[in-house]
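Chemist: Dumping the structure here so I can ask a few things about it.
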Number of protein chains: 2
Amino acid sequence: MSLTALNSTHDPQLRSWLASANAADADFPIQNLPFGVFRRRGSSEPFRGGVAIGDAIVDLGAAAPLFAGLAAEAAAAAARPALNALMALGAPAASALRAALSEALRQGAPQQAALERCLAAQAQAEYAVPAQVGDYTDFYASIHHATAVGRLMRPDQPLLPNYKWIPVGYHGRSSSIVVSGQGIRRPCGQTLPQGMAEPVFGPSRRLDYELELGLFVGQGNALGTPVPMAQAESHLFGVCLLNDWSARDIQGWEYQPLGPFLAKNFATTVSPWIVSFEALAPFRLPFLRPAADPQPLPYLDSAENRAAGAIDIRLEVLLESAAMRSRGEAPWRLSTSSYRHSYWTAAQLLAHHTVNGCNLRPGDLLGSGTQSGPAPEEAGCLLELTQAGRKPVALGGGETRSFLQDGDRVILRGWCEKPGAVRIGFGEAAGEVLPALAAAT
Amino acid sequence: MSLTALNSTHDPQLRSWLASANAADADFPIQNLPFGVFRRRGSSEPFRGGVAIGDAIVDLGAAAPLFAGLAAEAAAAAARPALNALMALGAPAASALRAALSEALRQGAPQQAALERCLAAQAQAEYAVPAQVGDYTDFYASIHHATAVGRLMRPDQPLLPNYKWIPVGYHGRSSSIVVSGQGIRRPCGQTLPQGMAEPVFGPSRRLDYELELGLFVGQGNALGTPVPMAQAESHLFGVCLLNDWSARDIQGWEYQPLGPFLAKNFATTVSPWIVSFEALAPFRLPFLRPAADPQPLPYLDSAENRAAGAIDIRLEVLLESAAMRSRGEAPWRLSTSSYRHSYWTAAQLLAHHTVNGCNLRPGDLLGSGTQSGPAPEEAGCLLELTQAGRKPVALGGGETRSFLQDGDRVILRGWCEKPGAVRIGFGEAAGEVLPALAAAT
């Protein structure tokens, strides 16, 4: 179960009776079936679990009576305001539910009429963070990001000696994780302006995004019990998009010696939909380490990981400024990248996290770290793209950016595609920068 | 409400009808009344909220009908397996409950007979972590610890330039917080032995404790809304003892550039009882910054904090080795210290944590950082006491320690005392080191 095999749910010939799911550019074809929580927009209904299909959402609690066995149990568990109970059931339960949905959504499925009554329109939905996140951990798994950022801070030693041995990570803040669409208040804090001897207090002037993936934990592990590589991926429920908003000026002054804190914990945006590893199976690639690099220690290595640990998830960042919005222009693409470049795989992050006995719980979230690609234009944050603000990027229409301005809306998108497979989309993780509050007293 | 004024619950003349509460060396006199959750030892009863008095525990759910108004509401909220609902009610609710208990537990109180039926014996109780901790943050608030540790790593610059401006902190792991008494499995991990070019994997050989206080958050704040200094302490529910177990060899190899991770997140031990700031009011002291040091920025400063921000909480660490246990010897005192030496106060930690808009939730936990005093023998961890293992400490009976050995039981204790006031105790936070599991595959 670790590196999910292809099964019938991936069949590229499958079509749904829901026409919108069959469009070539759909994010949510019948081969995807990502999980989230939703309710009618603007209502005070409880949030509840759903699965995206085309332009609609299957209400899982409503659909549960259509299924049997483990699939029915999983659908009932997903009826709550967060998916933790579904996640706790483990990979076979989510897999059974996905298989049952795949059957029931196919053209000609006898459940069509009944299932149609369980559909809600995405256009009328709003979303919440899909799980109650107990602990949020952020990794640093792109060597291209680590090298580029390291070069800005330590030109003589961009990459620290531990980088190729350890999936470097740190704990983030779970309370401030928000779902796509929520505004992001520019934080205030201490910064040390260049050339000054004492810090000043005020709104961050170097606000940045970070293009990441988020990995939700499914079944947890007991405190004291590591998860070996062979089982690691089966403890992950799925993948979303994640923006690790970062205040670079606050970060630069505060982060030594214990790491980022207020520079990061004011907000983290996730996309509403969690794509399963099953849906990603057609897009797996060998996990290749350059021969000159250290090979992973045994606890971070497995034959499956070498054979198919990487995943080609295409990623892009777009920026829509207030001026673009007022002119009705489309957002400007800042960069593209792919998760296939990650120096550490999802399974390695989870195995490393638990090797000391640390317990993960259903709904916990792991960030992949900024997923920059090898080329400079594939950088996943402005810090890299603008060389720490020294080389502003042009947005078209005459605007430039060193860092984010108030009113900027940052949009992360992700998708998988290749010949012979159906496109699998992640939707988006978007957030608009709101002006700072008047400085705190 | 920020720096709690003395009130009738502190009256040193107060005596309880429960004789054990009146002993001069009692941790839990009627002036204390700390909160925790308990159940009958070895039972499968749900945990429920209680208040320690002498050698007994008031079962708050059972006692709730004896109270009225806000105190009754608070007692009912505390009847659950974790105190989050009580914490969410805010400082006035816990204060009202404490005042009502103080009345009902006094000699001559008419509620004596009814309240006696709500008592459980501590000797027959077991405890859980008193709140469901959403996020756990660990600070670094002792300048003596930061300087001593910094000197080991950077002899030329022990204290980094930000230390006197920022209450340095980082996010810890909430899932692995355990209550006093639970065994601590020695973690495995990557380390880089001195003189070697490549890391090795195995059990930590430099396992350490850290003597800290834990601050539980009461009423939370909304995302985007800082808590000013004047209100900061009213957002704290109370104080416990905290052992931030640390694997120094894992830490040394992993912590750059993003801070400690697996070196810390395998376990954090808290004491079962949370002492209120009200109970600590008689032991407050002026918060004095050396005149040559930077004075706190306005968002970290208040007249109340200057007048009474510090608290003289005496702290000590004891070690009981397996050999001592087999010989029936008392634990060996490794060091003593006091929270009064902290470079940053509790209110400053909370104000700093929220100044960027980060939201704290009821039950969140802040660690104070290792509370070392100014003298070398007041060091709050073995790393400091033994100069990174170079000067082992003698335990008496012929044993020495550089770092912790399997079977070592580490006991943190805390209390307040001064002439004219009744002693306020914290109980203890203890944990025994268990051997590492066979190395993970």
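Quick note on naming: the chains in the structure tokens go A, B, ... in the order shown, residues restart at 1 in each chain, and ligands are numbered from 1 in order of appearance.
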Name the residues in contact with A:Thr268 at a cut-off of 7 Å, using only C-alpha atoms, excluding same-chain residues fewer than 4 positions from it; report them as an mmCIF file with all heavy atoms, in the first residue's frame.

Modeler:
```cif
data_model
loop_
_atom_site.group_PDB
_atom_site.id
_atom_site.type_symbol
_atom_site.label_atom_id
_atom_site.label_comp_id
_atom_site.auth_asym_id
_atom_site.auth_seq_id
_atom_site.Cartn_x
_atom_site.Cartn_y
_atom_site.Cartn_z
ATOM 1 N N SER A 176 -3.189 29.017 13.052
ATOM 2 C CA SER A 176 -3.362 30.059 12.038
ATOM 3 C C SER A 176 -3.405 29.487 10.620
ATOM 4 O O SER A 176 -3.181 30.214 9.657
ATOM 5 C CB SER A 176 -2.242 31.100 12.165
ATOM 6 O OG SER A 176 -0.972 30.481 12.146
ATOM 7 N N ILE A 177 -3.713 28.205 10.495
ATOM 8 C CA ILE A 177 -3.924 27.619 9.168
ATOM 9 C C ILE A 177 -5.319 28.012 8.701
ATOM 10 O O ILE A 177 -6.300 27.804 9.417
ATOM 11 C CB ILE A 177 -3.766 26.091 9.203
ATOM 12 C CG1 ILE A 177 -2.337 25.717 9.627
ATOM 13 C CG2 ILE A 177 -4.116 25.472 7.853
ATOM 14 C CD1 ILE A 177 -2.138 24.239 9.887
ATOM 15 N N VAL A 178 -5.395 28.587 7.526
ATOM 16 C CA VAL A 178 -6.683 29.044 6.991
ATOM 17 C C VAL A 178 -6.894 28.429 5.605
ATOM 18 O O VAL A 178 -5.949 27.972 4.961
ATOM 19 C CB VAL A 178 -6.758 30.586 6.906
ATOM 20 C CG1 VAL A 178 -6.590 31.213 8.293
ATOM 21 C CG2 VAL A 178 -5.726 31.145 5.942
ATOM 22 N N ASN A 243 0.409 27.540 1.078
ATOM 23 C CA ASN A 243 1.196 28.779 1.006
ATOM 24 C C ASN A 243 1.674 29.130 2.414
ATOM 25 O O ASN A 243 0.877 29.475 3.281
ATOM 26 C CB ASN A 243 0.354 29.916 0.417
ATOM 27 C CG ASN A 243 1.161 31.196 0.245
ATOM 28 O OD1 ASN A 243 2.244 31.343 0.812
ATOM 29 N ND2 ASN A 243 0.627 32.133 -0.531
ATOM 30 N N ASP A 244 2.963 29.024 2.610
ATOM 31 C CA ASP A 244 3.601 29.336 3.889
ATOM 32 C C ASP A 244 4.018 30.813 3.865
ATOM 33 O O ASP A 244 5.178 31.145 3.651
ATOM 34 C CB ASP A 244 4.817 28.407 4.049
ATOM 35 C CG ASP A 244 5.633 28.704 5.289
ATOM 36 O OD1 ASP A 244 5.059 29.185 6.275
ATOM 37 O OD2 ASP A 244 6.845 28.441 5.262
ATOM 38 N N TRP A 245 3.024 31.687 4.086
ATOM 39 C CA TRP A 245 3.284 33.134 4.078
ATOM 40 C C TRP A 245 4.449 33.459 5.013
ATOM 41 O O TRP A 245 4.510 32.942 6.135
ATOM 42 C CB TRP A 245 2.037 33.887 4.535
ATOM 43 C CG TRP A 245 0.820 33.645 3.706
ATOM 44 C CD1 TRP A 245 -0.134 32.687 3.917
ATOM 45 C CD2 TRP A 245 0.410 34.359 2.530
ATOM 46 N NE1 TRP A 245 -1.114 32.765 2.948
ATOM 47 C CE2 TRP A 245 -0.816 33.780 2.087
ATOM 48 C CE3 TRP A 245 0.938 35.431 1.810
ATOM 49 C CZ2 TRP A 245 -1.497 34.247 0.950
ATOM 50 C CZ3 TRP A 245 0.251 35.888 0.686
ATOM 51 C CH2 TRP A 245 -0.943 35.302 0.268
#
```

Chemist: Would you give me, as a tab-separated table, each residue of chain A having an atom within 6 Å of an atom of chain B, along with its shortest atom pair and that distance in Å to one decimal, using only C-alpha atoms and sorting by chain and residue number?

Modeler:
```
residue	atom	partner	partner_atom	distance
A:Tyr170	CA	B:Phe261	CA	5.4
A:His171	CA	B:His171	CA	5.2
A:Gly172	CA	B:His171	CA	5.9
A:Pro187	CA	B:Asn356	CA	4.6
A:Cys188	CA	B:Asn356	CA	4.9
A:Gly189	CA	B:Asn356	CA	5.9
A:Leu258	CA	B:Gly259	CA	4.2
A:Gly259	CA	B:Leu258	CA	4.2
A:Phe261	CA	B:Tyr170	CA	5.4
A:Phe266	CA	B:Cys358	CA	4.6
A:Tyr299	CA	B:Thr441	CA	5.3
A:Asn356	CA	B:Pro187	CA	4.6
A:Gly357	CA	B:Phe266	CA	5.7
A:Cys358	CA	B:Phe266	CA	4.6
A:Thr441	CA	B:Tyr299	CA	5.3
```

Chemist: So that I have them on file, write out the residues from the current selection with C-alpha atoms, as a PDB file, in the first residue's frame.

Modeler:
```pdb
ATOM      1  CA  TYR A 170      10.617  22.470  12.041  1.00  0.00           C
ATOM      2  CA  HIS A 171       7.331  22.889  13.800  1.00  0.00           C
ATOM      3  CA  GLY A 172       4.870  25.451  12.515  1.00  0.00           C
ATOM      4  CA  PRO A 187       1.919  41.229  10.251  1.00  0.00           C
ATOM      5  CA  CYS A 188       3.692  43.733  12.461  1.00  0.00           C
ATOM      6  CA  GLY A 189       6.899  42.874  14.213  1.00  0.00           C
ATOM      7  CA  LEU A 258      15.847  28.557  17.193  1.00  0.00           C
ATOM      8  CA  GLY A 259      14.300  29.036  13.752  1.00  0.00           C
ATOM      9  CA  PHE A 261       8.563  31.967  14.591  1.00  0.00           C
ATOM     10  CA  PHE A 266       0.530  34.621  11.352  1.00  0.00           C
ATOM     11  CA  TYR A 299      15.666   4.344   7.707  1.00  0.00           C
ATOM     12  CA  ASN A 356      12.622   9.277  17.190  1.00  0.00           C
ATOM     13  CA  GLY A 357       9.229   8.009  18.331  1.00  0.00           C
ATOM     14  CA  CYS A 358       7.369  11.276  17.710  1.00  0.00           C
ATOM     15  CA  THR A 441       0.625  49.680  21.592  1.00  0.00           C
TER      16      THR A 441
END
```

Chemist: Considering only strand (DSSP E) as DSSP defines it on the backbone, what residues of stretch 90-196 of chain A qualify? List them as a ChimeraX atom specification.

Modeler: /A:119-121,125-127,136-139,169-171,177-179,184-185,188-191

Chemist: Output C-alpha atoms of each residue in that selection to a file, as a PDB file, in the first residue's frame.

Modeler:
```pdb
ATOM      1  CA  LEU A 119     -24.660  16.804  -5.151  1.00  0.00           C
ATOM      2  CA  ALA A 120     -23.951  20.439  -4.255  1.00  0.00           C
ATOM      3  CA  ALA A 121     -22.635  23.052  -6.696  1.00  0.00           C
ATOM      4  CA  ALA A 125     -20.058  26.333  -1.762  1.00  0.00           C
ATOM      5  CA  GLU A 126     -17.599  27.612   0.794  1.00  0.00           C
ATOM      6  CA  TYR A 127     -14.859  25.583   2.408  1.00  0.00           C
ATOM      7  CA  TYR A 136       1.755  21.318  11.677  1.00  0.00           C
ATOM      8  CA  THR A 137       5.331  20.594  10.607  1.00  0.00           C
ATOM      9  CA  ASP A 138       7.057  22.381   7.778  1.00  0.00           C
ATOM     10  CA  PHE A 139       9.949  20.782   5.908  1.00  0.00           C
ATOM     11  CA  GLY A 169      12.051  20.449   9.167  1.00  0.00           C
ATOM     12  CA  TYR A 170      10.617  22.470  12.041  1.00  0.00           C
ATOM     13  CA  HIS A 171       7.331  22.889  13.800  1.00  0.00           C
ATOM     14  CA  ILE A 177      -3.924  27.619   9.168  1.00  0.00           C
ATOM     15  CA  VAL A 178      -6.683  29.044   6.991  1.00  0.00           C
ATOM     16  CA  VAL A 179      -8.454  27.854   3.875  1.00  0.00           C
ATOM     17  CA  ILE A 184      -4.058  37.567   5.110  1.00  0.00           C
ATOM     18  CA  ARG A 185      -3.360  40.460   7.464  1.00  0.00           C
ATOM     19  CA  CYS A 188       3.692  43.733  12.461  1.00  0.00           C
ATOM     20  CA  GLY A 189       6.899  42.874  14.213  1.00  0.00           C
ATOM     21  CA  GLN A 190      10.470  43.700  15.049  1.00  0.00           C
ATOM     22  CA  THR A 191      12.915  44.096  12.209  1.00  0.00           C
TER      23      THR A 191
END
```

Chemist: Find the spatial neighbours of A:Gln124, counting only C-alpha atoms, within a cut-off of 9 Å - ignore same-chain residues fewer than 5 positions away - and output them as a list in words.

Modeler: Arg39, Arg40, Arg41 and Gly42 of chain A

Chemist: Those residues you just picked out, can you put them in a file as a compact mmCIF listing (two decimals), in the first residue's frame with C-alpha atoms?

Modeler:
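Final output, result10.txt:
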```
# COMPACT_ATOMS: atom_id res chain seq x y z
CA ARG A 39 -21.20 24.07 3.19
CA ARG A 40 -23.54 26.37 1.32
CA ARG A 41 -21.77 29.71 0.94
CA GLY A 42 -22.86 32.29 3.48
```

Chemist: Tell me which protein, DNA and RNA residues are within 9 Å of stretch 379-383 of chain B, counting only C-alpha atoms, leaving out same-chain ones fewer than 5 positions away, and put them as a PyMOL selection string.

Modeler: chain B and resi 144-145+148-149+152+206-212+248+316-317+334-337+370-374+388-389+392-393+401-404

Chemist: Report, in Å to a single decimal, how far apart atom CA of B:Asn22 and atom CA of B:Glu103 are.

Modeler: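 Atom CA of B:Asn22 lies 15.1 Å from atom CA of B:Glu103.
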
Chemist: As a PyMOL selection string, list the residues of stretch 49-120 of chain B assigned to alpha helix (DSSP H) by DSSP on the backbone atoms of this structure.

Modeler: chain B and resi 60-63+69-77+84-88+91-105+112-116

Chemist: Atom CA of A:Pro34 and atom CA of A:Phe277, how far apart in Å?

Modeler: 9.9 Å

Chemist: Extract, using only C-alpha atoms, all DNA, RNA and protein residues at most 8 Å from B:Leu86, discarding same-chain residues fewer than 6 positions from it, and format them as a list in words.

Modeler: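 Final neighbour list, sorted by chain and number: Ala74, Ala75, Ala77, Ala78, Ala93 and Ala94 of chain B.
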
Chemist: As a ChimeraX atom specification, please: the residues near B:Ala310 (cut-off 7 Å, only C-alpha atoms, same-chain neighbours under 5 positions excluded).

Modeler: /B:284-287,340,345

Chemist: Hey, can you check how far atom CA of A:Ala23 sits from atom CA of A:Ile53?

Modeler: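 Atom CA of A:Ile53 lies 11.2 Å from atom CA of A:Ala23.
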
Chemist: Counting only C-alpha atoms, what is within 9 Å of stretch 417-425 of chain A, bar same-chain residues fewer than 5 positions away, as an MDAnalysis selection string?

Modeler: chainID A and resid 10:13 24:29 31:32 275 279:280 282:283 312:314
